[in-house]
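Source file: data_14.txt. Holds: compact mmCIF, C-alpha atoms.
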```txt
# COMPACT_ATOMS: atom_id res chain seq x y z
CA VAL Q 1345 166.27 -90.76 136.36
CA ALA Q 1346 167.59 -91.26 132.84
CA PRO Q 1347 165.81 -92.15 129.57
CA SER Q 1348 167.73 -95.43 129.39
CA ALA Q 1349 170.92 -97.14 130.55
CA SER Q 1350 172.60 -96.42 127.20
CA VAL Q 1351 171.80 -92.70 127.45
CA TRP Q 1352 173.06 -92.62 131.05
CA LEU Q 1353 176.40 -94.12 129.98
CA ALA Q 1354 176.73 -91.85 126.95
CA LEU Q 1355 176.12 -88.73 129.03
CA GLY Q 1356 178.74 -89.83 131.54
CA ASP Q 1357 181.35 -90.09 128.79
CA ARG Q 1358 180.50 -86.74 127.18
CA PRO Q 1359 182.98 -83.89 127.73
CA ALA Q 1360 181.48 -80.94 129.59
CA ARG Q 1361 180.69 -77.74 127.69
CA ARG Q 1362 180.86 -74.36 129.37
CA ALA Q 1363 178.11 -71.79 128.97
CA THR Q 1364 179.08 -68.11 128.97
CA ALA Q 1365 175.78 -66.55 130.12
CA GLY Q 1366 173.11 -67.08 132.77
CA VAL Q 1367 169.41 -67.87 132.72
CA LEU Q 1368 167.15 -67.57 129.66
CA ALA Q 1369 163.43 -67.81 130.48
CA PHE Q 1370 160.52 -67.82 128.01
CA ALA Q 1371 156.79 -67.38 128.72
CA PRO Q 1372 155.03 -66.84 125.38
CA LYS Q 1373 151.46 -67.57 126.58
CA ILE Q 1374 151.10 -65.38 129.66
CA GLU Q 1375 147.49 -64.40 128.87
CA ALA Q 1376 146.33 -68.01 128.65
CA LEU Q 1377 148.76 -69.21 131.35
CA PRO Q 1378 149.02 -66.40 133.92
CA GLY Q 1379 151.06 -68.65 136.20
CA SER Q 1380 153.80 -68.77 133.58
CA GLY Q 1381 154.19 -65.00 133.86
CA ARG Q 1382 154.61 -65.30 137.61
CA GLU Q 1383 157.18 -68.06 137.08
CA VAL Q 1384 159.48 -66.00 134.90
CA ALA Q 1385 158.98 -62.91 137.09
CA ALA Q 1386 160.23 -64.97 140.04
CA ILE Q 1387 163.21 -66.13 137.99
CA ALA Q 1388 164.02 -62.53 137.06
CA ARG Q 1389 163.83 -61.53 140.72
CA LEU Q 1390 165.93 -64.43 142.02
CA ALA Q 1391 168.55 -64.46 139.25
CA ALA Q 1392 168.60 -60.66 138.91
CA SER Q 1393 171.12 -59.43 136.31
CA ASP Q 1394 172.03 -63.04 135.45
CA ALA Q 1395 168.64 -63.60 133.78
CA ARG Q 1396 167.07 -62.66 130.47
CA VAL Q 1397 163.29 -63.04 130.39
CA LEU Q 1398 161.17 -62.92 127.22
CA THR Q 1399 157.37 -62.98 127.34
CA GLY Q 1400 154.48 -62.84 124.90
CA ALA Q 1401 155.30 -62.11 121.28
CA ALA Q 1402 158.99 -61.55 122.12
CA ALA Q 1403 159.42 -65.16 123.27
CA THR Q 1404 159.92 -66.51 119.77
CA GLU Q 1405 161.42 -69.75 118.57
CA GLU Q 1406 163.92 -67.68 116.59
CA ALA Q 1407 165.05 -65.88 119.77
CA PHE Q 1408 165.44 -69.21 121.55
CA ARG Q 1409 167.60 -70.63 118.75
CA ARG Q 1410 169.75 -67.48 118.79
CA ASP Q 1411 170.25 -67.10 122.54
CA ALA Q 1412 169.99 -70.62 123.99
CA PRO Q 1413 173.41 -72.01 122.92
CA THR Q 1414 175.31 -69.71 125.31
CA ARG Q 1415 173.01 -70.01 128.34
CA ARG Q 1416 173.64 -71.99 131.52
CA VAL Q 1417 169.93 -72.43 132.38
CA LEU Q 1418 166.98 -72.54 129.97
CA HIS Q 1419 163.42 -72.24 131.27
CA LEU Q 1420 160.35 -72.69 129.04
CA ALA Q 1421 157.00 -71.94 130.70
CA THR Q 1422 154.39 -72.66 128.06
CA TYR Q 1423 152.20 -75.33 126.48
CA GLY Q 1424 153.66 -78.73 125.74
CA VAL Q 1425 152.04 -80.94 123.10
CA LEU Q 1426 152.72 -84.69 122.98
CA ASN Q 1427 152.45 -86.36 119.56
CA LYS Q 1428 151.49 -89.91 120.51
CA GLN Q 1429 151.91 -91.30 116.99
CA ASN Q 1430 155.30 -89.71 116.26
CA PRO Q 1431 157.15 -88.32 119.31
CA LEU Q 1432 159.71 -86.62 117.06
CA PHE Q 1433 156.98 -84.06 116.39
CA SER Q 1434 156.06 -83.41 120.02
CA PHE Q 1435 156.82 -79.78 120.81
CA VAL Q 1436 156.83 -76.89 123.25
CA GLU Q 1437 154.97 -73.85 122.01
CA LEU Q 1438 156.87 -70.60 121.62
CA ALA Q 1439 155.85 -67.45 119.75
CA PRO Q 1440 156.12 -67.45 115.95
CA GLY Q 1441 158.37 -64.92 114.29
CA GLY Q 1442 161.01 -64.65 111.62
CA ALA Q 1443 161.81 -68.07 110.21
CA GLY Q 1444 160.25 -69.95 113.16
CA ASP Q 1445 156.68 -71.22 113.35
CA GLY Q 1446 156.74 -71.22 117.16
CA ARG Q 1447 156.70 -75.01 117.50
CA LEU Q 1448 160.02 -76.19 118.95
CA GLU Q 1449 159.76 -79.84 117.97
CA VAL Q 1450 161.75 -82.80 119.24
CA HIS Q 1451 163.51 -83.43 115.93
CA GLU Q 1452 164.58 -79.77 115.87
CA VAL Q 1453 165.98 -79.92 119.39
CA PHE Q 1454 168.11 -82.93 118.37
CA GLY Q 1455 169.82 -80.59 115.89
CA LEU Q 1456 170.73 -77.89 118.42
CA SER Q 1457 174.11 -77.47 120.11
CA LEU Q 1458 173.59 -76.41 123.72
CA ALA Q 1459 175.87 -75.98 126.72
CA ALA Q 1460 173.23 -75.56 129.45
CA ASP Q 1461 173.62 -77.25 132.80
CA LEU Q 1462 169.83 -77.33 133.15
CA VAL Q 1463 166.68 -77.06 131.04
CA VAL Q 1464 163.32 -76.69 132.80
CA LEU Q 1465 160.35 -77.62 130.63
CA SER Q 1466 157.49 -76.17 132.67
CA ALA Q 1467 154.77 -77.45 130.38
CA CYS Q 1468 152.45 -80.44 130.05
CA GLN Q 1469 153.77 -83.96 129.35
CA THR Q 1470 157.27 -82.85 128.39
CA GLY Q 1471 158.78 -85.93 130.02
CA LEU Q 1472 156.84 -88.41 127.88
CA GLY Q 1473 157.78 -89.99 124.57
CA SER Q 1474 158.01 -93.27 122.69
CA GLY Q 1475 157.39 -96.20 124.98
CA ALA Q 1476 155.40 -94.16 127.50
CA LEU Q 1477 151.98 -94.78 125.93
CA ALA Q 1478 150.36 -97.96 124.68
CA ASP Q 1479 149.76 -96.69 121.14
CA VAL Q 1480 153.46 -95.84 120.59
CA PRO Q 1481 155.89 -98.69 119.83
CA GLU Q 1482 158.11 -99.52 122.78
CA GLY Q 1483 161.88 -99.45 122.60
CA ASP Q 1484 165.01 -99.28 124.70
CA ASP Q 1485 165.10 -95.48 124.66
CA TRP Q 1486 162.23 -93.04 125.04
CA VAL Q 1487 162.28 -90.47 122.26
CA GLY Q 1488 160.92 -87.16 123.45
CA LEU Q 1489 161.84 -83.68 124.56
CA THR Q 1490 164.00 -84.78 127.50
CA ARG Q 1491 166.04 -87.16 125.36
CA ALA Q 1492 166.40 -84.48 122.66
CA PHE Q 1493 167.70 -81.81 125.06
CA LEU Q 1494 170.16 -84.25 126.63
CA HIS Q 1495 171.41 -85.19 123.15
CA ALA Q 1496 171.81 -81.48 122.30
CA GLY Q 1497 174.28 -81.05 125.16
CA VAL Q 1498 172.20 -80.27 128.26
CA GLY Q 1499 173.31 -81.71 131.60
CA GLN Q 1500 169.92 -82.17 133.26
CA VAL Q 1501 166.27 -81.63 132.33
CA VAL Q 1502 163.31 -81.01 134.62
CA ALA Q 1503 160.17 -82.16 132.81
CA THR Q 1504 156.62 -83.35 133.46
CA LEU Q 1505 154.77 -86.66 133.22
CA TRP Q 1506 151.23 -85.32 132.85
CA ALA Q 1507 149.17 -82.18 132.24
CA VAL Q 1508 150.21 -79.94 135.14
CA GLU Q 1509 148.13 -77.18 136.75
CA ASP Q 1510 149.16 -73.61 135.97
CA VAL Q 1511 148.92 -71.92 139.38
CA ALA Q 1512 150.40 -74.80 141.38
CA THR Q 1513 153.25 -75.08 138.88
CA SER Q 1514 154.03 -71.39 139.33
CA GLY Q 1515 154.40 -71.88 143.07
CA LEU Q 1516 156.49 -75.00 142.66
CA MET Q 1517 158.83 -73.31 140.21
CA GLU Q 1518 159.33 -70.29 142.43
CA ARG Q 1519 160.35 -72.56 145.29
CA PHE Q 1520 162.53 -74.61 142.94
CA TYR Q 1521 164.51 -71.54 141.88
CA GLU Q 1522 164.78 -70.29 145.44
CA ALA Q 1523 166.59 -73.52 146.31
CA PHE Q 1524 168.49 -73.77 143.02
CA THR Q 1525 169.87 -70.23 143.10
CA ALA Q 1526 170.89 -70.83 146.73
CA GLY Q 1527 173.15 -73.65 145.55
CA ALA Q 1528 171.06 -76.84 145.58
CA ASP Q 1529 171.45 -79.20 142.62
CA PRO Q 1530 168.34 -79.55 140.42
CA ALA Q 1531 167.14 -82.85 141.90
CA ARG Q 1532 167.47 -81.60 145.47
CA ALA Q 1533 165.89 -78.23 144.60
CA LEU Q 1534 162.96 -80.03 142.95
CA ALA Q 1535 162.48 -82.28 145.98
CA GLN Q 1536 162.43 -79.27 148.29
CA ALA Q 1537 159.87 -77.53 146.08
CA GLN Q 1538 157.69 -80.64 145.95
CA ARG Q 1539 157.75 -81.02 149.73
CA SER Q 1540 156.70 -77.37 150.11
CA LEU Q 1541 153.60 -78.02 147.98
CA MET Q 1542 152.85 -81.19 149.94
CA ALA Q 1543 152.75 -79.12 153.13
CA VAL Q 1544 149.91 -76.90 151.82
CA PRO Q 1545 146.44 -78.53 151.89
CA ALA Q 1546 145.38 -76.95 148.58
CA THR Q 1547 148.32 -78.53 146.70
CA ALA Q 1548 149.02 -81.61 148.85
CA ARG Q 1549 147.60 -84.10 146.34
CA PRO Q 1550 150.30 -85.74 144.18
CA PHE Q 1551 148.59 -84.39 141.05
CA TYR Q 1552 150.00 -80.93 141.81
CA TRP Q 1553 153.66 -81.84 142.39
CA ALA Q 1554 154.53 -85.47 141.63
CA GLY Q 1555 154.53 -85.11 137.84
CA PHE Q 1556 157.84 -83.22 137.84
CA VAL Q 1557 161.01 -85.26 137.39
CA ALA Q 1558 164.71 -84.46 137.07
CA VAL Q 1559 166.33 -86.35 134.19
CA GLY Q 1560 170.05 -86.57 133.49
CA GLY Q 1561 173.14 -88.70 133.31
CA ALA Q 1562 175.98 -89.83 135.54
CA ARG Q 1563 177.29 -87.21 137.96
```

Kindly present the structure from the file in structure tokens form.
Amino acid sequence: VAPSASVWLALGDRPARRATAGVLAFAPKIEALPGSGREVAAIARLAASDARVLTGAAATEEAFRRDAPTRRVLHLATYGVLNKQNPLFSFVELAPGGAGDGRLEVHEVFGLSLAADLVVLSACQTGLGSGALADVPEGDDWVGLTRAFLHAGVGQVVATLWAVEDVATSGLMERFYEAFTAGADPARALAQAQRSLMAVPATARPFYWAGFVAVGGAR
């Protein structure tokens, strides 16, 4: 899917950027979200030397701003907070440190220059924005984290449509990266991971897997 027809066309016309490094994965809240720690551990195992993983207090907003521009894949396993009144201030929560307060907000992402092929926002409601809720004015384009990362130069974004469950998300993401590192494109890798959760009675309900979407432009 794409945020709008105009975004889809703009992304198709954009010249490709080339990242020089591999995967960057952040899990700043591993005590509160133990599944997020398992997620990034699986990424480290599957991507091996191609991955840099930061957890806890080391997973700062400042570190993300410093390292993200050169990375091919960015993975954020944390809390997502939707600002229903002003989606420009929705954010994903990283660790504070240096000049950063730990809140990577939509308006800040719009100002980044990224070359990633893929961003995975493994957090709650990261795929929502203006137009998605009744108390936010509707418009042609949804303004939110997915739109911001696409504007910043990212090729595709995997995001969520509701508050996702920590343990089930960990399992889904491990299966996603198994398929993705084996060569599947993000949409196909996500579909494979979703079908694997559907096959297990404990996670068969759509609540556990259907909230994840792959968002991008023309390919």

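Distances here use only C-alpha atoms; by that measure, the residue among Q:Leu1368, Q:Ala1554, Q:Ala1546, Q:Ala1388 closest to Q:Trp1506 is Q:Ala1554.
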
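One finds atom CA of Q:Gly1471 at 20.0 Å from atom CA of Q:Pro1372.
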
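Pairwise distance (atom CA of Q:Gln1538, atom CA of Q:Val1345) equals 16.4 Å.
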
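Counting all atoms listed in the file, the residue from Q:Ala1354, Q:Leu1458, Q:Met1542, Q:Ala1492 that sits nearest to Q:Leu1432 is Q:Ala1492.
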
Excluding Q:Leu1494 and its own-chain neighbours fewer than 2 positions away, which residues fall within 10 Å of it when counting only C-alpha atoms? Please give them as a PyMOL selection string. chain Q and resi 1346-1347+1351-1352+1355+1453-1454+1458+1460-1463+1489-1492+1496-1501+1559-1561

Let me see the file: selected residues, C-alpha atoms, as a short mmCIF file (atom, residue, chain, number, x, y, z; two decimals), in the frame of the given file.
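Final output, saved to again-v1.cif:
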```cif
data_model
loop_
_atom_site.label_atom_id
_atom_site.label_comp_id
_atom_site.auth_asym_id
_atom_site.auth_seq_id
_atom_site.Cartn_x
_atom_site.Cartn_y
_atom_site.Cartn_z
CA ALA Q 1346 167.59 -91.26 132.84
CA PRO Q 1347 165.81 -92.15 129.57
CA VAL Q 1351 171.80 -92.70 127.45
CA TRP Q 1352 173.06 -92.62 131.05
CA LEU Q 1355 176.12 -88.73 129.03
CA VAL Q 1453 165.98 -79.92 119.39
CA PHE Q 1454 168.11 -82.93 118.37
CA LEU Q 1458 173.59 -76.41 123.72
CA ALA Q 1460 173.23 -75.56 129.45
CA ASP Q 1461 173.62 -77.25 132.80
CA LEU Q 1462 169.83 -77.33 133.15
CA VAL Q 1463 166.68 -77.06 131.04
CA LEU Q 1489 161.84 -83.68 124.56
CA THR Q 1490 164.00 -84.78 127.50
CA ARG Q 1491 166.04 -87.16 125.36
CA ALA Q 1492 166.40 -84.48 122.66
CA ALA Q 1496 171.81 -81.48 122.30
CA GLY Q 1497 174.28 -81.05 125.16
CA VAL Q 1498 172.20 -80.27 128.26
CA GLY Q 1499 173.31 -81.71 131.60
CA GLN Q 1500 169.92 -82.17 133.26
CA VAL Q 1501 166.27 -81.63 132.33
CA VAL Q 1559 166.33 -86.35 134.19
CA GLY Q 1560 170.05 -86.57 133.49
CA GLY Q 1561 173.14 -88.70 133.31
#
```

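For the choices Q:Gly1444, Q:Gly1473, Q:Pro1359, Q:Pro1545, the atom-to-atom distance to Q:Ala1512 is smallest for Q:Pro1545 when using only C-alpha atoms.
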
**OP:** Name all residues at most 8 Å from Q:Ala1395 (count all atoms listed in the file; drop same-chain ones fewer than 4 positions away) and give them as number ranges by chain.
**Re:** Q: 1366-1369, 1387-1388, 1391

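For the residues Q:Glu1383, Q:Asp1411, Q:Ser1540, Q:Thr1399, ranking by smallest atom-to-atom distance to Q:Ala1363 using all atoms listed in the file places Q:Asp1411 first.
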
One decimal place gives the atom CA of Q:Arg1415-atom CA of Q:Tyr1552 separation as 28.8 Å
